[in-house]
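*Asks:* For reference, this is protein_20.txt, and it has compact mmCIF, C-alpha atoms.
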# COMPACT_ATOMS: atom_id res chain seq x y z
CA MET H 257 41.48 88.78 3.97
CA LYS H 258 44.37 87.36 5.98
CA PHE H 259 47.42 86.03 4.19
CA ARG H 260 46.98 82.22 3.92
CA VAL H 261 49.66 79.60 4.67
CA HIS H 262 49.17 75.84 4.43
CA PHE H 263 51.26 73.25 6.34
CA GLU H 264 51.74 69.54 5.72
CA THR H 265 53.87 67.13 7.79
CA LEU H 266 55.39 63.70 7.18
CA GLY H 267 56.92 61.47 9.83
CA CYS H 268 56.89 61.25 13.60
CA ARG H 269 55.34 63.33 16.38
CA LEU H 270 58.59 65.33 16.56
CA ASN H 271 58.04 66.61 13.02
CA GLN H 272 54.40 67.35 13.81
CA ASP H 273 55.44 69.36 16.85
CA GLU H 274 57.91 71.42 14.82
CA THR H 275 55.21 72.12 12.24
CA GLU H 276 52.83 73.25 15.01
CA GLY H 277 55.56 75.60 16.24
CA ALA H 278 56.05 77.03 12.76
CA ALA H 279 52.31 77.53 12.31
CA GLU H 280 52.10 79.37 15.63
CA ALA H 281 54.94 81.68 14.52
CA PHE H 282 52.92 82.60 11.42
CA ARG H 283 49.63 82.94 13.30
CA SER H 284 51.21 85.29 15.84
CA GLU H 285 52.11 87.62 12.96
CA GLY H 286 48.54 87.69 11.63
CA PHE H 287 48.73 84.94 9.01
CA PHE H 288 45.78 82.55 8.50
CA CYS H 289 47.05 78.96 8.73
CA THR H 290 45.59 75.65 7.59
CA MET H 291 47.14 72.31 8.40
CA GLY H 292 46.94 68.86 6.83
CA GLY H 293 44.17 67.28 4.81
CA LEU H 294 45.56 67.99 1.33
CA SER H 295 44.59 65.30 -1.19
CA SER H 296 44.24 64.70 -4.90
CA SER H 297 40.55 65.65 -4.63
CA SER H 298 41.35 69.06 -3.08
CA GLN H 299 40.10 72.00 -5.11
CA PRO H 300 42.71 74.52 -6.37
CA ASP H 301 43.18 77.40 -3.92
CA ALA H 302 44.55 80.55 -5.51
CA GLU H 303 44.42 82.51 -2.23
CA THR H 304 47.05 80.41 -0.40
CA LEU H 305 50.37 82.06 -1.24
CA LEU H 306 52.72 79.97 0.89
CA ALA H 307 52.74 76.17 1.38
CA VAL H 308 55.13 74.45 3.80
CA LEU H 309 56.03 70.75 3.85
CA ASN H 310 58.06 69.25 6.73
CA THR H 311 59.61 66.02 5.39
CA CYS H 312 60.96 62.71 6.73
CA THR H 313 63.75 60.48 5.42
CA VAL H 314 63.27 57.29 7.44
CA THR H 315 62.27 55.23 4.40
CA GLY H 316 62.31 55.53 0.62
CA LYS H 317 58.50 55.48 0.71
CA ALA H 318 58.51 58.55 2.97
CA GLU H 319 60.64 60.41 0.42
CA GLN H 320 58.44 59.24 -2.44
CA LYS H 321 55.39 60.50 -0.56
CA ALA H 322 57.15 63.85 0.02
CA ARG H 323 57.69 64.29 -3.73
CA ARG H 324 54.05 63.42 -4.38
CA ILE H 325 52.83 65.98 -1.83
CA ILE H 326 55.16 68.66 -3.25
CA ARG H 327 53.62 68.17 -6.70
CA LEU H 328 50.17 68.21 -5.10
CA MET H 329 50.99 71.51 -3.40
CA LEU H 330 52.19 73.01 -6.66
CA SER H 331 48.93 72.11 -8.40
CA SER H 332 46.59 72.81 -5.45
CA PHE H 333 48.11 76.22 -4.69
CA PRO H 334 48.90 77.64 -8.15
CA ASN H 335 50.03 81.03 -6.77
CA ALA H 336 52.02 79.71 -3.81
CA VAL H 337 55.71 79.48 -3.05
CA VAL H 338 56.38 75.99 -1.69
CA ILE H 339 58.86 75.74 1.19
CA VAL H 340 60.22 72.23 1.80
CA THR H 341 62.06 71.55 5.03
CA GLY H 342 62.95 68.64 7.32
CA CYS H 343 65.32 65.69 7.07
CA TYR H 344 64.71 64.80 3.42
CA ALA H 345 65.18 68.44 2.42
CA SER H 346 68.45 68.51 4.34
CA LEU H 347 69.89 65.50 2.51
CA ASP H 348 68.44 65.76 -1.02
CA GLY H 349 67.59 69.41 -1.48
CA GLU H 350 68.74 69.57 -5.10
CA ILE H 351 66.46 66.68 -6.08
CA ILE H 352 63.53 68.44 -4.43
CA LYS H 353 64.27 71.82 -5.97
CA SER H 354 64.55 70.30 -9.45
CA ILE H 355 60.82 69.45 -9.34
CA CYS H 356 60.01 73.15 -9.84
CA PRO H 357 63.00 75.51 -9.34
CA GLU H 358 60.87 78.63 -9.89
CA ARG H 359 58.50 77.98 -6.98
CA ILE H 360 60.29 75.71 -4.49
CA VAL H 361 62.50 76.96 -1.66
CA VAL H 362 64.42 74.28 0.25
CA LEU H 363 65.29 74.76 3.93
CA GLY H 364 67.29 71.78 5.09
CA GLY H 365 68.33 70.57 8.53
CA ASN H 366 68.05 73.06 11.36
CA LYS H 367 67.30 75.73 8.78
CA LYS H 368 63.67 74.69 9.28
CA GLN H 369 63.92 76.80 12.41
CA LEU H 370 64.25 79.83 10.13
CA LEU H 371 60.55 79.36 9.44
CA SER H 372 59.98 81.18 12.72
CA LYS H 373 61.77 84.22 11.35
CA ILE H 374 60.00 84.38 7.99
CA PRO H 375 56.57 85.73 9.14
CA PRO H 376 57.69 89.14 10.41
CA ALA H 377 60.11 89.49 7.51
CA VAL H 378 57.91 88.80 4.47
CA LYS H 379 55.24 91.05 3.02
CA LYS H 380 51.62 90.15 3.77
CA GLU H 381 50.59 90.71 0.15
CA GLY H 382 52.24 90.00 -3.17
CA LEU H 383 54.61 87.36 -1.80
CA THR H 384 57.07 85.97 -4.32
CA GLN H 385 59.87 83.46 -4.12
CA LYS H 386 62.26 86.42 -4.08
CA ASP H 387 60.50 87.78 -0.96
CA VAL H 388 61.09 84.49 0.84
CA LEU H 389 64.73 84.34 -0.24
CA ASP H 390 65.25 87.95 0.83
CA ALA H 391 63.67 87.17 4.19
CA LEU H 392 66.11 84.32 4.72
CA ARG H 393 69.19 86.22 3.56
CA GLY H 394 71.29 87.30 6.49
CA LEU H 395 69.26 85.52 9.14
CA SER H 396 71.38 83.50 11.56
CA GLU H 397 70.38 79.91 12.24
CA PRO H 398 68.66 79.77 15.63
CA SER H 399 68.47 76.99 18.21
CA PRO H 400 66.81 73.72 17.12
CA PHE H 401 64.29 74.37 19.92
CA THR H 402 63.04 77.68 18.48
CA LEU H 403 59.88 76.17 17.00
CA TYR H 404 57.86 75.84 20.18
CA THR H 405 54.22 76.52 20.91
CA SER H 406 52.02 76.19 23.99
CA THR H 407 48.89 76.03 21.81
CA PHE H 408 48.20 73.24 19.35
CA GLN H 409 46.00 73.40 16.26
CA LYS H 410 45.96 69.66 15.49
CA HIS H 411 46.49 68.05 18.90
CA SER H 412 44.59 68.06 22.17
CA ARG H 413 47.61 66.73 24.04
CA SER H 414 50.55 69.11 24.26
CA SER H 415 54.09 68.12 23.39
CA LEU H 416 57.56 69.48 23.95
CA LYS H 417 60.77 68.78 22.06
CA ILE H 418 63.59 68.42 24.58
CA GLN H 419 66.27 66.80 22.41
CA ASP H 420 67.35 66.77 18.76
CA GLY H 421 69.98 64.94 16.71
CA CYS H 422 71.62 61.59 17.47
CA ASN H 423 75.11 60.40 18.39
CA CYS H 424 74.43 56.84 17.24
CA SER H 425 75.59 55.73 13.82
CA CYS H 426 73.21 52.91 13.00
CA SER H 427 74.18 51.45 9.65
CA PHE H 428 70.67 51.86 8.14
CA CYS H 429 69.76 55.34 9.37
CA ARG H 430 70.01 58.80 7.77
CA ILE H 431 68.64 60.75 10.73
CA CYS H 432 72.08 61.41 12.23
CA LEU H 433 73.17 62.71 8.81
CA ALA H 434 70.16 65.01 8.55
CA ARG H 435 69.97 66.34 12.12
CA GLY H 436 73.57 66.08 13.33
CA ARG H 437 74.88 65.37 16.82
CA SER H 438 72.62 65.26 19.86
CA VAL H 439 71.66 68.58 21.45
CA SER H 440 69.38 69.16 24.44
CA LEU H 441 67.09 71.91 25.67
CA PRO H 442 68.48 73.20 29.01
CA TRP H 443 66.67 71.57 31.94
CA LYS H 444 65.47 74.87 33.41
CA GLU H 445 63.82 75.75 30.10
CA VAL H 446 62.23 72.29 29.91
CA VAL H 447 60.75 72.75 33.39
CA ARG H 448 59.61 76.30 32.58
CA ARG H 449 57.83 75.19 29.41
CA VAL H 450 56.12 72.27 31.15
CA GLN H 451 55.01 74.62 33.94
CA GLU H 452 53.59 76.96 31.30
CA LEU H 453 51.62 74.12 29.73
CA GLU H 454 50.32 73.09 33.15
CA SER H 455 49.24 76.66 33.93
CA LEU H 456 47.30 76.73 30.65
CA GLY H 457 45.31 73.72 31.80
CA MET H 458 46.97 71.07 29.61
CA GLY H 459 46.44 67.66 31.17
CA GLU H 460 49.36 65.95 29.46
CA VAL H 461 52.66 66.69 27.76
CA VAL H 462 54.50 64.34 25.42
CA LEU H 463 58.28 64.74 25.65
CA THR H 464 59.73 64.27 22.16
CA GLY H 465 63.16 64.00 20.60
CA VAL H 466 65.15 62.05 18.02
CA ASN H 467 66.78 60.05 20.83
CA LEU H 468 65.42 61.02 24.26
CA CYS H 469 67.94 58.76 25.96
CA GLN H 470 70.74 61.09 24.83
CA TYR H 471 69.28 64.03 26.73
CA GLU H 472 72.05 65.74 28.70
CA ASP H 473 72.47 68.92 30.72
CA PHE H 474 74.26 69.97 33.91
CA LEU H 475 73.38 71.56 37.23
CA GLU H 476 75.31 74.57 38.52
CA ASP H 477 77.54 72.24 40.58
CA GLY H 478 78.47 70.29 37.47
CA LYS H 479 76.27 67.29 38.20
CA ARG H 480 75.10 65.67 34.98
CA ILE H 481 71.38 65.54 34.23
CA ARG H 482 70.20 62.73 32.03
CA LEU H 483 66.62 61.77 31.18
CA THR H 484 66.08 60.08 34.57
CA GLU H 485 67.08 63.21 36.49
CA LEU H 486 65.16 65.47 34.12
CA LEU H 487 61.93 63.55 34.72
CA SER H 488 62.49 63.84 38.48
CA LEU H 489 62.96 67.62 38.16
CA ILE H 490 59.79 67.99 36.09
CA LEU H 491 57.77 65.98 38.60
CA LYS H 492 59.23 67.97 41.51
CA ASN H 493 58.41 71.32 39.94
CA THR H 494 54.90 70.56 38.65
CA SER H 495 51.83 69.18 40.35
CA THR H 496 49.14 67.91 37.95
CA ILE H 497 50.35 67.60 34.37
CA ARG H 498 50.94 64.05 33.21
CA ILE H 499 54.04 63.07 31.23
CA ARG H 500 54.33 60.74 28.26
CA LEU H 501 57.60 59.73 26.57
CA SER H 502 57.68 59.44 22.79
CA SER H 503 60.37 56.74 22.46
CA LEU H 504 63.12 55.04 24.46
CA TYR H 505 66.21 52.99 23.68
CA PRO H 506 66.34 49.69 25.62
CA GLN H 507 69.80 50.24 27.15
CA SER H 508 68.52 53.29 29.02
CA LEU H 509 65.99 51.29 31.03
CA ASN H 510 67.65 50.53 34.36
CA ALA H 511 66.35 50.30 37.93
CA ASP H 512 66.83 54.04 38.59
CA MET H 513 64.96 55.06 35.44
CA CYS H 514 62.11 52.65 36.10
CA ALA H 515 61.77 53.90 39.67
CA VAL H 516 60.98 57.33 38.21
CA LEU H 517 58.73 55.84 35.51
CA SER H 518 56.64 54.23 38.25
CA HIS H 519 55.39 57.69 39.32
CA SER H 520 51.63 58.03 38.91
CA ARG H 521 51.98 61.02 36.55
CA ILE H 522 54.17 59.11 34.09
CA GLN H 523 51.81 57.53 31.58
CA PRO H 524 51.93 53.71 31.16
CA PHE H 525 52.86 53.79 27.48
CA PHE H 526 56.38 53.01 26.30
CA HIS H 527 57.75 52.72 22.79
CA LEU H 528 61.08 50.91 22.40
CA SER H 529 63.42 51.35 19.44
CA ILE H 530 64.53 47.72 18.95
CA GLN H 531 64.76 46.87 15.20
CA SER H 532 65.68 43.16 15.51
CA GLY H 533 65.73 40.17 17.86
CA SER H 534 68.85 38.69 16.30
CA PRO H 535 72.17 39.52 18.04
CA ARG H 536 73.99 39.11 14.71
CA ILE H 537 71.68 41.55 12.92
CA LEU H 538 71.79 44.02 15.83
CA SER H 539 75.59 44.00 15.48
CA LEU H 540 75.40 44.58 11.70
CA MET H 541 72.95 47.41 12.35
CA ASN H 542 75.43 48.92 14.84
CA ARG H 543 72.65 49.21 17.37
CA PRO H 544 73.67 50.53 20.84
CA HIS H 545 71.88 47.72 22.69
CA SER H 546 71.94 43.94 23.00
CA LEU H 547 69.12 41.42 22.89
CA GLU H 548 69.54 40.88 26.64
CA GLN H 549 69.04 44.61 27.25
CA VAL H 550 65.80 44.52 25.24
CA GLU H 551 64.44 41.65 27.32
CA GLU H 552 65.50 43.34 30.56
CA ALA H 553 63.91 46.64 29.48
CA VAL H 554 60.57 44.94 28.86
CA ARG H 555 60.79 43.17 32.24
CA LEU H 556 61.61 46.39 34.12
CA LEU H 557 58.78 48.33 32.45
CA ARG H 558 56.29 45.70 33.60
CA VAL H 559 57.65 46.06 37.13
CA ALA H 560 57.34 49.86 36.95
CA LYS H 561 53.73 49.81 35.66
CA GLU H 562 50.88 47.34 35.76
CA ASP H 563 50.37 45.96 32.25
CA PRO H 564 51.70 49.01 30.36
CA PHE H 565 51.24 49.45 26.62
CA ILE H 566 54.65 48.50 25.18
CA SER H 567 55.27 48.95 21.46
CA CYS H 568 58.40 48.67 19.35
CA ASP H 569 59.98 49.21 15.93
CA ILE H 570 61.18 46.21 13.90
CA ILE H 571 62.98 46.29 10.55
CA ALA H 572 62.35 43.18 8.43
CA GLY H 573 64.78 41.98 5.79
CA PHE H 574 67.97 43.75 6.85
CA PRO H 575 70.85 42.69 4.54
CA SER H 576 71.84 39.03 5.14
CA GLU H 577 68.93 38.44 7.56
CA THR H 578 68.35 34.68 7.41
CA GLU H 579 65.28 32.66 8.38
CA GLU H 580 67.10 31.82 11.63
CA ASP H 581 67.67 35.53 12.32
CA PHE H 582 64.01 36.33 11.72
CA GLU H 583 62.93 33.40 13.90
CA LEU H 584 64.86 35.05 16.76
CA THR H 585 62.88 38.26 16.12
CA GLN H 586 59.65 36.27 16.13
CA LYS H 587 60.69 34.63 19.41
CA LEU H 588 61.38 38.05 20.97
CA CYS H 589 57.99 39.39 19.83
CA ARG H 590 56.13 36.39 21.26
CA LYS H 591 58.05 36.46 24.53
CA SER H 592 57.66 40.24 24.99
CA ASP H 593 53.93 40.24 24.15
CA PHE H 594 54.12 43.69 22.58
CA ALA H 595 50.84 45.61 22.39
CA TRP H 596 51.90 46.92 18.99
CA ILE H 597 54.75 46.49 16.49
CA HIS H 598 55.69 49.14 13.93
CA ALA H 599 57.02 46.91 11.15
CA PHE H 600 59.14 48.28 8.31
CA PRO H 601 60.73 46.48 5.36
CA PHE H 602 64.42 47.36 5.15
CA SER H 603 64.88 50.36 2.87
CA PRO H 604 68.41 51.00 1.55
CA ARG H 605 69.11 54.65 2.34
CA PRO H 606 71.68 56.67 0.36
CA GLY H 607 74.75 57.53 2.40
CA THR H 608 74.34 54.65 4.86
CA ARG H 609 76.61 51.60 5.21
CA ALA H 610 73.70 49.16 4.97
CA LYS H 611 72.85 50.36 1.46
CA ASP H 612 75.85 48.58 -0.04
CA MET H 613 75.99 45.55 2.25
CA GLU H 614 76.09 42.15 0.60
CA ASN H 615 73.25 39.63 0.55
CA GLN H 616 70.34 42.05 0.20
CA VAL H 617 67.08 40.28 1.05
CA PRO H 618 64.53 39.94 -1.80
CA GLU H 619 61.49 42.20 -1.57
CA ARG H 620 59.20 39.15 -1.56
CA ILE H 621 60.85 37.86 1.62
CA LYS H 622 60.72 41.30 3.25
CA ASP H 623 57.00 41.53 2.51
CA GLN H 624 56.35 38.09 4.02
CA ARG H 625 58.18 39.04 7.21
CA VAL H 626 56.39 42.38 7.47
CA GLU H 627 53.10 40.53 7.00
CA TRP H 628 53.89 38.26 9.98
CA LEU H 629 54.93 41.22 12.14
CA THR H 630 51.81 43.18 11.18
CA LYS H 631 49.48 40.27 12.00
CA THR H 632 51.28 39.80 15.32
CA ALA H 633 50.87 43.52 16.01
CA VAL H 634 47.12 43.40 15.31
CA ASP H 635 46.68 40.29 17.46
CA GLY H 636 48.74 41.90 20.23
CA LYS H 637 46.67 45.08 20.30
CA ILE H 638 43.37 43.20 20.27
CA ALA H 639 44.55 40.98 23.15
CA TYR H 640 45.70 44.06 25.08
CA ILE H 641 42.33 45.77 24.63
CA GLU H 642 40.48 42.61 25.69
CA ARG H 643 42.51 42.59 28.93
CA HIS H 644 41.32 46.13 29.65
CA LYS H 645 37.71 45.67 28.59
CA GLY H 646 35.40 46.97 31.30
CA LYS H 647 38.15 48.92 33.06
CA VAL H 648 37.80 52.66 33.64
CA LEU H 649 40.89 54.57 32.47
CA SER H 650 41.91 58.20 32.52
CA ALA H 651 41.93 59.79 29.05
CA VAL H 652 42.22 63.07 27.16
CA LEU H 653 39.39 64.03 24.80
CA GLU H 654 40.72 64.73 21.32
CA ASN H 655 40.03 68.08 19.68
CA ARG H 656 38.08 66.52 16.80
CA GLU H 657 34.54 66.61 15.48
CA LYS H 658 34.08 62.93 16.27
CA LEU H 659 34.13 62.13 19.99
CA CYS H 660 37.42 60.31 20.58
CA ALA H 661 39.77 60.01 23.53
CA VAL H 662 43.33 58.80 24.13
CA THR H 663 43.71 56.82 27.32
CA GLU H 664 46.63 56.88 29.73
CA ASN H 665 47.93 53.68 28.11
CA TYR H 666 47.49 55.09 24.60
CA LEU H 667 44.31 53.38 23.46
CA HIS H 668 42.42 55.48 20.92
CA VAL H 669 38.77 55.19 21.92
CA SER H 670 35.70 55.95 19.84
CA CYS H 671 33.44 57.25 22.59
CA SER H 672 29.81 57.41 23.58
CA VAL H 673 28.76 59.43 26.63
CA GLU H 674 27.00 58.21 29.75
CA GLU H 675 23.77 60.12 30.37
CA GLY H 676 24.25 63.33 32.34
CA ILE H 677 27.98 63.66 31.61
CA GLU H 678 29.21 66.91 30.04
CA VAL H 679 32.23 66.69 27.76
CA LYS H 680 34.82 69.26 26.76
CA ARG H 681 37.43 68.74 24.05
CA GLY H 682 40.97 68.72 25.38
CA SER H 683 39.89 67.92 28.93
CA VAL H 684 40.75 64.90 31.03
CA CYS H 685 37.93 62.38 31.43
CA ARG H 686 37.28 58.81 32.57
CA VAL H 687 36.49 56.18 29.94
CA ARG H 688 35.18 52.63 30.36
CA ILE H 689 36.86 50.48 27.71
CA GLY H 690 34.61 48.50 25.37
CA ASP H 691 35.33 46.21 22.43
CA PRO H 692 38.34 46.25 20.12
CA LEU H 693 37.69 47.61 16.63
CA LYS H 694 39.39 44.84 14.69
CA LYS H 695 38.80 46.17 11.17
CA SER H 696 40.01 49.65 12.18
CA ILE H 697 43.16 48.18 13.73
CA GLU H 698 43.81 45.99 10.69
CA GLY H 699 43.30 48.96 8.38
CA GLY H 700 45.79 51.11 10.27
CA ARG H 701 43.12 53.62 11.26
CA GLU H 702 43.42 55.56 14.49
CA GLU H 703 40.49 54.19 16.55
CA ASP H 704 41.41 51.06 18.50
CA CYS H 705 38.26 50.34 20.51
CA THR H 706 34.90 51.56 21.68
CA GLY H 707 34.31 53.10 25.08
CA THR H 708 31.96 55.16 27.23
CA ILE H 709 32.80 58.42 28.98
CA VAL H 710 31.68 57.97 32.58
CA GLY H 711 33.12 61.08 34.19
Written as C-alpha cells, how would this file's structure read?
*Replies:*
Amino acid sequence: MKFRVHFETLGCRLNQDETEGAAEAFRSEGFFCTMGGLSSSSQPDAETLLAVLNTCTVTGKAEQKARRIIRLMLSSFPNAVVIVTGCYASLDGEIIKSICPERIVVLGGNKKQLLSKIPPAVKKEGLTQKDVLDALRGLSEPSPFTLYTSTFQKHSRSSLKIQDGCNCSCSFCRICLARGRSVSLPWKEVVRRVQELESLGMGEVVLTGVNLCQYEDFLEDGKRIRLTELLSLILKNTSTIRIRLSSLYPQSLNADMCAVLSHSRIQPFFHLSIQSGSPRILSLMNRPHSLEQVEEAVRLLRVAKEDPFISCDIIAGFPSETEEDFELTQKLCRKSDFAWIHAFPFSPRPGTRAKDMENQVPERIKDQRVEWLTKTAVDGKIAYIERHKGKVLSAVLENREKLCAVTENYLHVSCSVEEGIEVKRGSVCRVRIGDPLKKSIEGGREEDCTGTIVG
C-alpha cells in the first residue's frame, strides 16, 4: 500500500495552487495523495500518516477555521503528523503548535516551499514527527515559485503563480507581514511554463499572485517588464491557450494595459481589489488607489471587453466608517454595476495599524452593511446572468462527477448536453446560458446558472 498524505487548503486560488504543487511533489515520489473534503463526519483513517494544511490569515474567521481543521485532522488521522503551513502559520506558529506539540510541525512563510523537499527525504513507512524534522534540518529555503505543477488534481483549469508577496502596507492587512516583499517569477520561466501547459492541451491558465500588479522583471537590455508587457510576451509566444487574471489593483488599469486585455485570448473576467468607495476610508486604509482610479478602471475594462464580469472586494465597518462613508461605497457599487461583490466585515488583525484605531464600528453595524453588500452582489450576478441568457459562450468542463462548466466570463454552469454532443472533462466546449440559480447564488454555492452544451 502506498504511503498516504492528505491535503487541505484555506484561502484564495493562490493557496490552492501551492497545495496542488505540494501534492504533485509527493505524488512524483510515489506517495498516495488525497485532497479536501475532510469534515466532522469523516471516519478515522489510521493509514494516512501525514496531513498538510495550507492556511490563510485574511480574517479572524479564516484563522478560527484553520484551528478547527487542525483539530479535525488530529482526530481523523490518529497516526498522522500534521504539517501546518501558509500565512497564518508564518505569523502565529506558536499558537498553532500549542494545540498538539507532539504531532504538529509548523512551516511558516516561504518555508511552505520546503514541502517539495520532504517527499524524497522522509521514509515511506514508519514516519514520525522526528522524521519530518530531520528531513527539514539543513534544507535551504527554495524559491517561492518551487511549488509548481502542470497537472491538477482538483482543477480542470490550470493556474500559474507568477508573483508573491506585496510592497503595499495597507493598514488592515497581514499578508505583507506573512509573505514579505514582492518577488516575481522571471518572464522567460513564465512563458516556458505557459507553453508547457499549452502543449499538454490545457485550454486556459489562471495567472495568480498576491498582487499581480507588482509583477516586475527585466529584458536583457534593461527594459522593465511589468504585467502589461508580460501578458504581451505570453500572447506572442503561445497560440491557443487562454489567459485569466486572478486579481487586479485599480491603479494598474490604464489605456496600455486595457489594450492588451482586449485580446481575444484574455478572458472577460476581472476582479478588482477595492475595499471601499469612501476617499476618507481609502486613505485610512493606506490603499494605493483613489476612488477616481476605481471608477476609471471599471470604465476602461468595459471598453476593453463587451460586458465583462467585474467583481470586487469590499470591507464593511472599517474603524470610524460612518453612514456617509458607507453611502459612498453603496453609490460606487450601484454606479459600477458589479457582477459580484466579495463582502467582508472588518476584522482587526494582530500586528496591523487598523487593529488599534479609534472608533471601532459595532459588529451589529458591520453585519448590516455586509448584508446590504451581499444582497447587492446576489442581485448583480442574477442581472448579469439574465443579460447573457440564450447566448452561447466558450467554457471549460470541470473535472467533477456532476457536469459543470466555467464560462469565459466566469459563470459556473450546471450543464445538460444537447443530443449527439460528446463531452470530455477538462476540454473546451460551447455552452448556451440558461436561467440563474437564485437559491444557489444566495447560498454561496458554486453553480450560478443552468446551461446546455451545444458543441
*Asks:* Let me make sure I understand: among H:Ala560, H:Pro535, H:Leu456, H:Asn335, which one has the smallest atom-to-atom distance to Glu583 (chain H) if we use all atoms listed in the file?
*Replies:*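 Answer, going by the shortest atom-to-atom distance: H:Pro535.
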*Asks:* Go ahead and compute the interatomic distance for CA of Trp596 (chain H) and CA of Glu664 (chain H), in Å to one decimal.
*Replies:*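 It comes out at 15.6 Å.
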*Asks:* So which residues touch Gly267 (chain H) within 7 Å, counting all atoms listed in the file, skipping near sequence neighbours fewer than 3 positions away, as a tab-separated table (two decimals) with C-alpha atoms, in the coordinates of the input?
*Replies:*
chain	number	residue	atom	x	y	z
H	271	ASN	CA	58.04	66.61	13.02
H	311	THR	CA	59.61	66.02	5.39
H	312	CYS	CA	60.96	62.71	6.73
*Asks:* Write out as JSON, numbers by chain each polymer residue whose atoms come within 8 Å of Arg500 (chain H), counting all atoms listed in the file; drop sequence neighbours fewer than 4 positions from it.
*Replies:* {"H": [460, 461, 462, 463, 522, 523, 524, 525]}
*Asks:* Using only C-alpha atoms, determine which residues lie at most 9 Å from Ile597 (chain H), disregarding the query and same-chain residues fewer than 6 positions distant; provide the list as a list in words.
*Replies:*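 Surrounding residues, per the criterion: Ile566, Ser567, Cys568, Asp569, Ile570, Cys589, Leu629, Thr630, Thr632, Ala633, Val634 and Gly636 of chain H.
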*Asks:* For the residues in the current selection, export C-alpha atoms as an mmCIF file, keeping the file's coordinate frame.
*Replies:*
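Output saved as selection-v3.cif:
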data_model
loop_
_atom_site.group_PDB
_atom_site.id
_atom_site.type_symbol
_atom_site.label_atom_id
_atom_site.label_comp_id
_atom_site.auth_asym_id
_atom_site.auth_seq_id
_atom_site.Cartn_x
_atom_site.Cartn_y
_atom_site.Cartn_z
ATOM 1 C CA ILE H 566 54.650 48.500 25.180
ATOM 2 C CA SER H 567 55.270 48.950 21.460
ATOM 3 C CA CYS H 568 58.400 48.670 19.350
ATOM 4 C CA ASP H 569 59.980 49.210 15.930
ATOM 5 C CA ILE H 570 61.180 46.210 13.900
ATOM 6 C CA CYS H 589 57.990 39.390 19.830
ATOM 7 C CA LEU H 629 54.930 41.220 12.140
ATOM 8 C CA THR H 630 51.810 43.180 11.180
ATOM 9 C CA THR H 632 51.280 39.800 15.320
ATOM 10 C CA ALA H 633 50.870 43.520 16.010
ATOM 11 C CA VAL H 634 47.120 43.400 15.310
ATOM 12 C CA GLY H 636 48.740 41.900 20.230
#
*Asks:* Which residues come within 8 Å of Ile571 (chain H), counting only C-alpha atoms, excluding same-chain residues fewer than 3 positions away, as an MDAnalysis selection string?
*Replies:* chainID H and resid 531:532 574 599:602
*Asks:* Please indicate the distance in Å from CA of Ala302 (chain H) to CA of Gly277 (chain H), rounded to one decimal place.
*Replies:*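 Computing it gives 24.9 Å between the two atoms.
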*Asks:* Got a sec: who's within 10 Å of region 511-518 of chain H, counting only C-alpha atoms, leaving out chain neighbours fewer than 6 positions off, as an MDAnalysis selection string?
*Replies:* chainID H and resid 482:485 487:488 491 499:501 524 526 553 556:562
*Asks:* When you draw a straight line from CA of Gln299 (chain H) to CA of Ile339 (chain H), how long is it in Å?
*Replies:*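 Between CA of Gln299 (chain H) and CA of Ile339 (chain H) the gap works out to 20.1 Å.
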*Asks:* Given the choices H:Arg480, H:Arg498, H:Arg430, H:Arg536, which gets closest to Cys343 (chain H) if the distance is worked out from all atoms listed in the file?
*Replies:* H:Arg430
*Asks:* Using only C-alpha atoms, find the one residue out of H:Leu584, H:Ile418, H:Cys671, H:Ile325 that sits nearest to Val450 (chain H).
*Replies:*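 Closest to Val450 (chain H), using only C-alpha atoms: H:Ile418.
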*Asks:* Return as JSON the box centre and box size in Å, one decimal, for an axis-aligned box around all listed atoms of region 630-648 of chain H padded by 6 Å per side.
*Replies:*
{"center_x": 43.6, "center_y": 46.2, "center_z": 22.4, "size_x": 28.4, "size_y": 24.9, "size_z": 34.5}
*Asks:* Considering all atoms listed in the file, can you say which of H:Leu266, H:Val361, H:Leu294, H:Val648 comes closest to Glu319 (chain H)?
*Replies:*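 Among the listed residues, H:Leu266 lies closest to Glu319 (chain H).
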*Asks:* For a quick check of understanding, using only C-alpha atoms, which of H:Leu649, H:Ala572, H:Leu489, H:Val446 has the smallest distance to Asp623 (chain H)?
*Replies:*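 Result for the nearest residue to Asp623 (chain H): H:Ala572.
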